[in-house]
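Input: a single structure, listed below in structure tokens.
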Amino acid sequence: MNDLFGTDRRFATTLSRGLSVLRAFRPSDDGLGNAEIAARTGLPKSTVSRLTYTLQALGYLTHARHGDRYRPGPALLALGNVAAASISFVELAGPIMQRLADRTGTLALLAVRDREKLLLTKAWRPEGVSSIWLEVGHRLPLLGSSSGHCFLAALPDDALAGLAEEGGVDLDASAPGRRDAYAQLIGRGFAILDPAAYFTPGIHAVSTPFQPHDLAEPVVFSCGAAPEMLSVARMEEEVGPKLRAAVRSLETALGLGPSPVRR
């Protein structure tokens, strides 16, 4: 992304680098040192040291003592809560998606685009089921996941072209999967990527898009589970229709019409 904006005088490179440090953290991390952050971001360790010092001074990172590993700080938590509260559909989606997770025994997920991947921002685990799988903060590829192909199919052509310019997607490589997902969304309201093409063999997932009125791009709701719990037939006959109905009920609650790529 820096290459794309390198000649744009409006682009604040230092801010971009600081945000890349915050993006480096994952829910499973027990803190990160500067060397690990440098490895994940591709930034020089000297640059990372200055950025982590500044972010720690501002409360966006924290560490318990000198030399300890950095962890997300209270200012970042507050910022995340403000963002979640300001996006109207997130709170309404919670009970709907939890019921869906409980009724299907699957992990219900909300994913939003984060540069060239989809970031899982919410996960609803089924009650009474030993669940796995993916955590909030995990990133899914746009190619090689049901969520990613669903997202690409829901994007209008001009937005897709803009994403390609950012380096987020290879238009030629994505075209067959996008056409297939689009046809599925038009025909039945949800998309399932052929498991043989999935980025990991340990998960099956079905996805449908949702277009919030206060966001420029669609987000994706998905249901996922291990293949032995969620066969393709079950996704097609049970879980996909229930996911489609759950998202439609969210749209109704918000006074929105259905996504233009779903019936």
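We name chains A, B, ... following the order of the structure tokens; residues begin at 1 in each chain, and ligands are numbered from 1 as shown.
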What are the DSSP helix (DSSP H, G or I) residues of range 81-192 of chain A, as a count of residues only? 58
Taking 3 positions as the minimum chain separation for residues in the same chain, which residues sit within 8 Å of range 153-161 of chain A when counting only C-alpha atoms? Answer as a list in words.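 Everything that qualifies: His149, Cys150, Ala164, Glu165, Leu171, Arg178, Arg179, Ala181, Tyr182, Pro209, Glu217, Pro218 and Val261 of chain A.
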One-decimal distance in Å that lies between CA of Ala175 in chain A and CA of Ala197 in chain A: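 Distance between the two atoms: 14.1 Å.
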Tell me which protein, DNA and RNA residues are within 7 Å of Leu107 in chain A, counting only C-alpha atoms, leaving out same-chain ones fewer than 5 positions away, and put them as a list in words.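 Result of the neighbour search: Ala101, Ala123, Trp124, Arg125, Pro126, Cys223, Gly224 and Ala225 of chain A.
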Pick from A:Ala57, A:Ala84, A:Ala64, A:Leu143, whichever lies nearest to Asp170 in chain A using only C-alpha atoms: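 Of the candidates, the smallest distance to Asp170 in chain A is held by A:Leu143.
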Pick from A:Thr121, A:Thr200, A:Ser146, A:Gln211 nearest to Asp180 in chain A, counting only C-alpha atoms: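 Counting only C-alpha atoms, the residue closest to Asp180 in chain A is A:Ser146.
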Here is a test: counting only C-alpha atoms, which residue of A:Ser145, A:Ser249, A:Thr104, A:Asn34 is nearest to Gly128 in chain A?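 That would be A:Thr104, the residue with the smallest distance to Gly128 in chain A.
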Which of range 22-130 of chain A counts as strand (DSSP E) under DSSP, as a VMD selection string please? chain A and resid 61 to 62 71 to 72 107 to 114 117 to 124
Using only C-alpha atoms, pick whichever of A:Leu193, A:Ala226, A:Leu163, A:Ala173 has the shortest atom-to-atom distance to Gly105 in chain A.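 Selected residue with least distance to Gly105 in chain A: A:Ala226.
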Name the closest residue to Ser20 in chain A among the candidates A:Asp114, A:Asp68, A:Glu228, A:Glu135; distances are taken between atoms, counting only C-alpha atoms.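 Using only C-alpha atoms, the shortest distance to Ser20 in chain A belongs to A:Asp114.
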I want to know what sits within 6 Å of Leu110 in chain A, based on only C-alpha atoms, with residues of the same chain fewer than 2 positions away left out; could you give that as a compact mmCIF listing (two decimals) with N, CA and C atoms, in the first residue's frame?
# COMPACT_ATOMS: atom_id res chain seq x y z
N LEU A 120 -11.52 -11.09 10.86
CA LEU A 120 -12.64 -11.53 11.68
C LEU A 120 -12.79 -10.58 12.87
N THR A 121 -13.93 -9.92 12.95
CA THR A 121 -14.13 -8.92 14.00
C THR A 121 -15.11 -9.37 15.08
N LYS A 122 -15.94 -10.37 14.79
CA LYS A 122 -16.87 -10.92 15.77
C LYS A 122 -16.99 -12.41 15.54
N VAL A 220 -19.12 -9.48 5.53
CA VAL A 220 -19.52 -10.86 5.26
C VAL A 220 -19.84 -11.58 6.56
N PHE A 221 -21.00 -12.23 6.59
CA PHE A 221 -21.35 -13.13 7.68
C PHE A 221 -21.14 -14.56 7.18
Any idea what the distance is between CA of Gly177 in chain A and CA of Arg26 in chain A?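 Separation of CA of Gly177 in chain A and CA of Arg26 in chain A: 28.5 Å.
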Here is a test: counting only C-alpha atoms, which residue of A:Arg17, A:His138, A:Arg65, A:Arg244 is nearest to Lys117 in chain A?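 That would be A:His138, the residue with the smallest distance to Lys117 in chain A.
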Any idea what's packed within 12 Å of Ala246 in chain A, counting only C-alpha atoms, ignoring anything in its chain fewer than 4 positions away? Could you give it as a PyMOL selection string? chain A and resi 92-101+103-104+108+189-190+207-210+221-223+239-242+250-253+258
Please report the interatomic distance between CA of Pro227 in chain A and CA of Pro201 in chain A in Å with one decimal.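 CA of Pro227 in chain A sits 8.2 Å away from CA of Pro201 in chain A.
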Which residues are close to Gly168 in chain A, i.e. within 9 Å by only C-alpha atoms, leaving aside same-chain residues fewer than 5 positions away? Reply as a tab-separated table (two decimals) with N, CA and C atoms, in the first residue's frame.
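Below is the file out32.tsv, written as the result:
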chain	number	residue	atom	x	y	z
A	1	MET	N	0.83	-1.20	0.00
A	1	MET	CA	0.00	0.00	0.00
A	1	MET	C	0.87	1.25	0.00
A	115	ARG	N	-7.21	-4.37	4.27
A	115	ARG	CA	-6.26	-4.38	3.16
A	115	ARG	C	-6.56	-5.55	2.23
A	116	GLU	N	-5.60	-6.46	2.09
A	116	GLU	CA	-5.77	-7.53	1.10
A	116	GLU	C	-6.37	-8.79	1.70
A	117	LYS	N	-6.88	-8.71	2.94
A	117	LYS	CA	-7.49	-9.87	3.57
A	117	LYS	C	-8.80	-9.47	4.24
A	142	LEU	N	-8.59	-13.36	0.59
A	142	LEU	CA	-9.71	-13.08	-0.31
A	142	LEU	C	-9.90	-14.22	-1.31
A	162	GLY	N	-10.66	-0.72	-7.79
A	162	GLY	CA	-9.89	0.03	-6.80
A	162	GLY	C	-9.10	-0.89	-5.88
A	163	LEU	N	-9.71	-2.00	-5.50
A	163	LEU	CA	-9.03	-2.99	-4.65
A	163	LEU	C	-7.84	-3.59	-5.39
